[in-house]
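J.: Data: model_28.txt, compact mmCIF, C-alpha atoms.
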# COMPACT_ATOMS: atom_id res chain seq x y z
CA ASP A 85 25.79 -192.71 -69.31
CA ALA A 86 27.70 -190.32 -71.55
CA GLY A 87 30.96 -189.07 -70.16
CA VAL A 88 32.46 -185.65 -70.73
CA THR A 89 32.27 -184.90 -74.44
CA GLN A 90 34.49 -182.42 -76.23
CA SER A 91 34.27 -181.11 -79.75
CA PRO A 92 35.88 -181.04 -82.16
CA THR A 93 38.39 -183.84 -81.53
CA HIS A 94 40.99 -182.34 -83.84
CA LEU A 95 41.42 -178.86 -85.26
CA ILE A 96 44.00 -177.08 -87.40
CA LYS A 97 44.15 -173.29 -87.33
CA THR A 98 46.46 -170.62 -88.72
CA ARG A 99 48.39 -168.16 -86.57
CA GLY A 100 46.31 -165.11 -85.72
CA GLN A 101 42.99 -166.90 -86.06
CA HIS A 102 40.42 -167.46 -83.35
CA VAL A 103 39.20 -170.84 -82.08
CA THR A 104 36.26 -172.04 -79.99
CA LEU A 105 36.37 -175.38 -78.20
CA ARG A 106 33.28 -176.96 -76.67
CA CYS A 107 32.66 -179.18 -73.67
CA SER A 108 29.53 -180.98 -72.47
CA PRO A 109 29.79 -182.15 -68.87
CA ILE A 110 28.38 -185.33 -67.41
CA SER A 111 24.66 -184.92 -66.81
CA GLY A 112 24.12 -183.27 -63.43
CA HIS A 113 27.65 -181.93 -63.13
CA LYS A 114 27.69 -178.19 -62.51
CA SER A 115 31.43 -177.50 -62.59
CA VAL A 116 33.62 -177.43 -65.70
CA SER A 117 37.38 -176.91 -65.78
CA TRP A 118 39.74 -176.43 -68.71
CA TYR A 119 43.36 -177.55 -68.97
CA GLN A 120 46.05 -177.18 -71.64
CA GLN A 121 48.40 -180.13 -72.18
CA VAL A 122 51.41 -179.34 -74.36
CA LEU A 123 53.10 -182.40 -75.84
CA GLY A 124 55.41 -184.02 -73.32
CA GLN A 125 54.10 -181.98 -70.37
CA GLY A 126 51.42 -182.34 -67.76
CA PRO A 127 48.10 -180.50 -68.03
CA GLN A 128 48.09 -176.84 -66.98
CA PHE A 129 44.98 -175.32 -65.40
CA ILE A 130 43.27 -172.58 -67.43
CA PHE A 131 39.79 -171.96 -65.94
CA GLN A 132 37.13 -173.35 -63.67
CA TYR A 133 33.46 -172.44 -63.93
CA TYR A 134 30.82 -173.38 -61.39
CA GLU A 135 27.16 -172.46 -61.72
CA LYS A 136 28.09 -170.21 -64.64
CA GLU A 137 30.54 -168.16 -62.57
CA GLU A 138 34.33 -168.15 -63.02
CA ARG A 139 35.80 -169.67 -59.86
CA GLY A 140 39.44 -169.77 -60.82
CA ARG A 141 41.86 -168.76 -63.53
CA GLY A 142 45.35 -170.04 -64.26
CA ASN A 143 48.36 -168.14 -65.52
CA PHE A 144 47.20 -167.66 -69.11
CA PRO A 145 47.00 -164.45 -71.16
CA ASP A 146 43.78 -162.57 -71.78
CA ARG A 147 43.61 -164.13 -75.24
CA PHE A 148 42.08 -167.10 -73.42
CA SER A 149 38.48 -166.75 -72.27
CA ALA A 150 35.66 -169.09 -71.40
CA ARG A 151 32.04 -169.17 -70.42
CA GLN A 152 29.50 -171.61 -69.06
CA PHE A 153 25.95 -171.82 -70.31
CA PRO A 154 22.69 -172.45 -68.38
CA ASN A 155 22.86 -176.15 -69.34
CA TYR A 156 26.37 -176.22 -67.78
CA SER A 157 28.15 -176.80 -71.08
CA SER A 158 31.17 -174.62 -71.67
CA GLU A 159 33.20 -172.96 -74.39
CA LEU A 160 36.88 -172.08 -74.37
CA ASN A 161 37.87 -169.29 -76.74
CA VAL A 162 41.39 -168.43 -77.80
CA ASN A 163 42.08 -165.29 -79.85
CA ALA A 164 45.11 -164.35 -81.94
CA LEU A 165 46.45 -167.90 -81.99
CA LEU A 166 50.17 -168.47 -81.59
CA LEU A 167 52.20 -171.53 -82.59
CA GLY A 168 52.70 -172.16 -78.87
CA ASP A 169 48.95 -172.63 -78.39
CA SER A 170 49.25 -176.00 -80.14
CA ALA A 171 48.22 -178.51 -77.48
CA LEU A 172 45.61 -180.96 -76.26
CA TYR A 173 42.85 -179.05 -74.49
CA LEU A 174 41.14 -181.04 -71.79
CA CYS A 175 37.81 -180.40 -70.13
CA ALA A 176 36.88 -181.89 -66.77
CA SER A 177 33.51 -181.84 -65.03
CA SER A 178 32.40 -182.50 -61.48
CA LEU A 179 29.19 -182.24 -59.51
CA PHE A 180 30.48 -179.53 -57.24
CA THR A 181 33.67 -177.61 -56.73
CA GLY A 182 35.91 -178.42 -53.79
CA THR A 183 36.28 -182.14 -54.31
CA PHE A 184 37.95 -184.21 -56.98
CA ASN A 185 36.24 -187.52 -56.20
CA ASP A 186 34.03 -187.34 -59.28
CA TYR A 187 36.31 -185.13 -61.39
CA THR A 188 36.01 -186.65 -64.90
CA PHE A 189 38.11 -185.67 -67.90
CA GLY A 190 37.08 -185.73 -71.52
CA SER A 191 39.36 -187.10 -74.24
CA GLY A 192 40.32 -183.61 -75.33
CA THR A 193 40.55 -181.45 -78.43
CA ARG A 194 43.87 -181.60 -80.27
CA LEU A 195 44.60 -178.07 -81.58
CA THR A 196 47.38 -177.55 -84.10
CA VAL A 197 48.35 -173.99 -85.01
CA VAL A 198 50.33 -173.62 -88.23
CA GLY B 42 53.81 -171.70 -56.06
CA ASP B 43 52.75 -175.32 -56.06
CA SER B 44 54.72 -177.76 -58.15
CA VAL B 45 55.08 -181.48 -58.74
CA THR B 46 58.24 -183.24 -59.88
CA GLN B 47 58.04 -186.79 -61.06
CA MET B 48 60.49 -189.32 -62.38
CA GLU B 49 61.38 -188.85 -66.00
CA GLY B 50 60.57 -191.62 -68.40
CA PRO B 51 60.15 -193.50 -70.44
CA VAL B 52 60.13 -196.58 -68.24
CA THR B 53 60.15 -199.99 -69.91
CA LEU B 54 59.46 -203.12 -67.90
CA SER B 55 58.74 -206.79 -68.42
CA GLU B 56 55.44 -208.28 -67.30
CA GLU B 57 55.31 -209.14 -63.58
CA ALA B 58 58.13 -206.69 -62.78
CA PHE B 59 57.92 -204.20 -59.90
CA LEU B 60 57.07 -200.62 -60.83
CA THR B 61 58.00 -197.47 -58.92
CA ILE B 62 57.43 -193.93 -60.15
CA ASN B 63 58.84 -191.24 -57.88
CA CYS B 64 56.89 -188.06 -57.18
CA THR B 65 57.81 -185.14 -54.94
CA TYR B 66 55.89 -181.94 -54.41
CA THR B 67 56.19 -178.35 -53.23
CA ALA B 68 53.14 -176.69 -51.71
CA THR B 69 52.45 -173.92 -49.23
CA GLY B 70 49.66 -175.74 -47.41
CA TYR B 71 48.59 -179.33 -46.87
CA PRO B 72 47.61 -180.50 -50.32
CA SER B 73 45.65 -183.50 -51.46
CA LEU B 74 47.74 -185.76 -53.69
CA PHE B 75 46.66 -187.77 -56.71
CA TRP B 76 47.86 -190.18 -59.35
CA TYR B 77 46.13 -190.03 -62.73
CA VAL B 78 46.60 -192.42 -65.64
CA GLN B 79 46.18 -191.64 -69.34
CA TYR B 80 45.76 -194.54 -71.74
CA PRO B 81 46.38 -193.89 -75.45
CA GLY B 82 43.57 -191.85 -77.00
CA GLU B 83 41.71 -191.47 -73.72
CA GLY B 84 41.21 -188.80 -71.10
CA LEU B 85 42.90 -188.73 -67.72
CA GLN B 86 41.49 -191.16 -65.16
CA LEU B 87 41.92 -190.91 -61.41
CA LEU B 88 43.98 -193.88 -60.24
CA LEU B 89 44.23 -193.12 -56.52
CA LYS B 90 44.35 -190.26 -54.04
CA ALA B 91 45.38 -189.36 -50.51
CA THR B 92 44.21 -186.32 -48.59
CA LYS B 93 46.43 -186.21 -45.50
CA ALA B 94 49.81 -187.29 -44.21
CA ASP B 95 50.38 -191.06 -43.88
CA ASP B 96 47.24 -191.85 -45.90
CA LYS B 97 47.70 -194.67 -48.38
CA GLY B 98 45.78 -194.58 -51.63
CA SER B 99 45.28 -197.84 -53.52
CA ASN B 100 43.50 -199.07 -56.63
CA LYS B 101 43.98 -201.85 -59.20
CA GLY B 102 47.10 -203.09 -57.40
CA PHE B 103 48.72 -199.65 -57.36
CA GLU B 104 49.60 -197.96 -54.06
CA ALA B 105 51.02 -194.63 -52.95
CA THR B 106 51.60 -193.23 -49.45
CA TYR B 107 51.44 -189.52 -48.57
CA ARG B 108 54.79 -188.76 -46.90
CA LYS B 109 54.75 -185.24 -45.48
CA GLU B 110 58.28 -185.47 -44.04
CA THR B 111 59.77 -186.18 -47.47
CA THR B 112 57.04 -184.36 -49.47
CA SER B 113 56.63 -187.45 -51.60
CA PHE B 114 53.88 -189.62 -53.06
CA HIS B 115 55.62 -192.44 -54.93
CA LEU B 116 53.51 -194.83 -57.01
CA GLU B 117 54.18 -198.57 -56.76
CA LYS B 118 52.81 -201.78 -58.19
CA GLY B 119 54.17 -205.19 -57.35
CA SER B 120 53.51 -207.01 -60.62
CA VAL B 121 52.73 -205.04 -63.77
CA GLN B 122 50.78 -206.25 -66.77
CA VAL B 123 50.88 -205.21 -70.43
CA SER B 124 47.57 -203.42 -69.83
CA ASP B 125 49.33 -201.07 -67.37
CA SER B 126 51.16 -199.42 -70.27
CA ALA B 127 50.13 -195.76 -70.09
CA VAL B 128 51.27 -192.30 -69.05
CA TYR B 129 51.09 -191.69 -65.29
CA PHE B 130 50.70 -188.21 -63.80
CA CYS B 131 51.25 -187.16 -60.21
CA ALA B 132 49.14 -184.16 -59.17
CA LEU B 133 48.25 -182.05 -56.17
CA SER B 134 45.56 -179.64 -55.09
CA ASP B 135 45.71 -177.26 -52.14
CA ASP B 136 42.61 -175.28 -53.05
CA ASP B 137 39.17 -176.33 -54.14
CA TYR B 138 39.29 -175.70 -57.83
CA LYS B 139 42.44 -176.79 -59.62
CA LEU B 140 44.97 -179.58 -59.99
CA SER B 141 48.70 -179.03 -60.54
CA PHE B 142 50.28 -181.87 -62.52
CA GLY B 143 53.76 -183.24 -62.98
CA ALA B 144 55.15 -183.78 -66.47
CA GLY B 145 54.06 -187.40 -66.68
CA THR B 146 55.93 -190.70 -66.88
CA THR B 147 55.42 -193.02 -69.84
CA VAL B 148 55.40 -196.68 -68.82
CA THR B 149 55.65 -199.49 -71.34
CA VAL B 150 55.22 -203.10 -70.19
CA ARG B 151 56.45 -205.82 -72.53
CA ALA B 152 55.07 -209.35 -72.56
Taking this structure as input, can you express it in the form of structure tokens?
T.:
Amino acid sequence: DAGVTQSPTHLIKTRGQHVTLRCSPISGHKSVSWYQQVLGQGPQFIFQYYEKEERGRGNFPDRFSARQFPNYSSELNVNALLLGDSALYLCASSLFTGTFNDYTFGSGTRLTVV
Amino acid sequence: GDSVTQMEGPVTLSEEAFLTINCTYTATGYPSLFWYVQYPGEGLQLLLKATKADDKGSNKGFEATYRKETTSFHLEKGSVQVSDSAVYFCALSDDDYKLSFGAGTTVTVRA
């Protein structure tokens, strides 16, 4: 069975540009969460979507947005990129919200802003 | 707000040595506690969890006990192997939708 897949794996963008990161959850999983992991730090929660509705949002500026599609895949969008947005962006999926027993992380998208 | 503080690394050990990684937490409620492991080039994997005070989580020879009185969840393994080299993250959740992670501890085991 395929795990959580994220694309692209690596990306280089220039300050001020926009970026879209994609996540395909494990088949049957209806919840997708996004985390930002800056080098040397632990992941920080950005968003959770469940059944296409936003269920939670972390302490990130409005430049960060996301959505979930009818097939439960998800996109994370970041506008007006800053150097500080350089990080590994992780997606995690689970069957439902409210439990972390089947919470599965993808390998991430490494974003570098220059 | 919720926070997790874990032992700074890096930690370097010889094979068959005893490993301890300290983790303490601050939370308003009664959180669930987790240890995740991240191998090079891979995503985070759940190593073990505990959902209430005095619970012991265990997996692959690793153990951690939820200590409410000391707000701690220290990770231990009695005899490490080279394959245990990874970054270990302590995390908590006191709601139903997000995890709060510590900064991670890099462990290197030498043969």
J.: Compute the chain B side of the contact with chain A at 12 Å, counting only C-alpha atoms, and hand it back as number ranges by chain.
T.: B: 42-47, 49-51, 73-92, 128-147
J.: Atom CA of Glu56 of chain B to atom CA of Lys101 of chain B: how many Å, to one decimal?
T.: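 Between atom CA of Glu56 of chain B and atom CA of Lys101 of chain B the gap is 15.4 Å.
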J.: Within 8 Å of Leu105 of chain A, counting only C-alpha atoms, which residues show up once you throw out same-chain ones fewer than 4 positions away? Write them as a list in words, please.
T.: Gln90, Ser91, Pro92, Glu159, Leu160, Asn161 and Thr193 of chain A
J.: Could the centre and edge lengths of an axis-aligned box, enclosing all atoms of segment 107-116 of chain B in the file with 4 Å extra on each side, be given in Å to one decimal as JSON?
T.:
{"center_x": 55.6, "center_y": -189.6, "center_z": -50.5, "size_x": 16.3, "size_y": 18.5, "size_z": 21.0}
J.: Got a sec: who's within 9 Å of Gly102 of chain B, counting all atoms listed in the file, leaving out chain neighbours fewer than 5 positions off, as number ranges by chain?
T.: B: 117-121
J.: Which one is closest to Leu167 of chain A: A:Gln120, A:Thr89, A:Thr196, A:Ser111? Count only C-alpha atoms.
T.: A:Thr196
J.: To one decimal place in Å, what is the distance between atom CA of Thr149 of chain B and atom CA of Ser126 of chain B?
T.: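 Straight-line distance from atom CA of Thr149 of chain B to atom CA of Ser126 of chain B works out to 4.6 Å.
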J.: In Å, with one decimal, what is the gap from atom CA of Glu135 of chain A to atom CA of Val103 of chain A?
T.: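 Going from atom CA of Glu135 of chain A over to atom CA of Val103 of chain A covers 23.7 Å.
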J.: Between A:Gln152, A:Val198, A:Glu138, A:Ser170, which one has atoms that come closest to Pro109 of chain A, using all atoms listed in the file?
T.: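 Closest to Pro109 of chain A, using all atoms listed in the file: A:Gln152.
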J.: Would you list the residues near (59.7, -201.9, -70.7) (no more than 8 Å away, in the coordinates of the file, using all atoms listed in the file) as a PDB file with C-alpha atoms, in the frame of the given file?
T.:
ATOM      1  CA  VAL B  52      60.130-196.580 -68.240  1.00  0.00           C
ATOM      2  CA  THR B  53      60.150-199.990 -69.910  1.00  0.00           C
ATOM      3  CA  LEU B  54      59.460-203.120 -67.900  1.00  0.00           C
ATOM      4  CA  SER B  55      58.740-206.790 -68.420  1.00  0.00           C
ATOM      5  CA  VAL B 148      55.400-196.680 -68.820  1.00  0.00           C
ATOM      6  CA  THR B 149      55.650-199.490 -71.340  1.00  0.00           C
ATOM      7  CA  VAL B 150      55.220-203.100 -70.190  1.00  0.00           C
ATOM      8  CA  ARG B 151      56.450-205.820 -72.530  1.00  0.00           C
TER       9      ARG B 151
END
J.: Determine, counting only C-alpha atoms, which protein, DNA and RNA residues have an atom within 9 Å of an atom of Lys136 of chain A; residues of the same chain fewer than 6 positions away are not included. Present the result as a list of chain:residue names.
T.: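 Answer for this query is A:Lys114, A:Ser115, A:Arg151, A:Gln152, A:Phe153, A:Pro154, A:Tyr156, A:Ser158.
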J.: For segment 93-131 of chain B versus segment 61-70 of chain B, which residues have an atom no more than 6 Å away, and what is each residue's nearest atom pair and distance in Å rounded to one decimal, using all atoms listed in the file, chain-then-number order, as JSON lines?
T.:
{"residue": "B:Thr112", "atom": "CA", "partner": "B:Thr65", "partner_atom": "CA", "distance": 5.6}
{"residue": "B:Ser113", "atom": "CA", "partner": "B:Thr65", "partner_atom": "CA", "distance": 4.2}
{"residue": "B:Phe114", "atom": "CA", "partner": "B:Cys64", "partner_atom": "CA", "distance": 5.3}
{"residue": "B:His115", "atom": "CA", "partner": "B:Asn63", "partner_atom": "CA", "distance": 4.5}
{"residue": "B:Leu116", "atom": "CA", "partner": "B:Ile62", "partner_atom": "CA", "distance": 5.1}
{"residue": "B:Glu117", "atom": "CA", "partner": "B:Thr61", "partner_atom": "CA", "distance": 4.5}
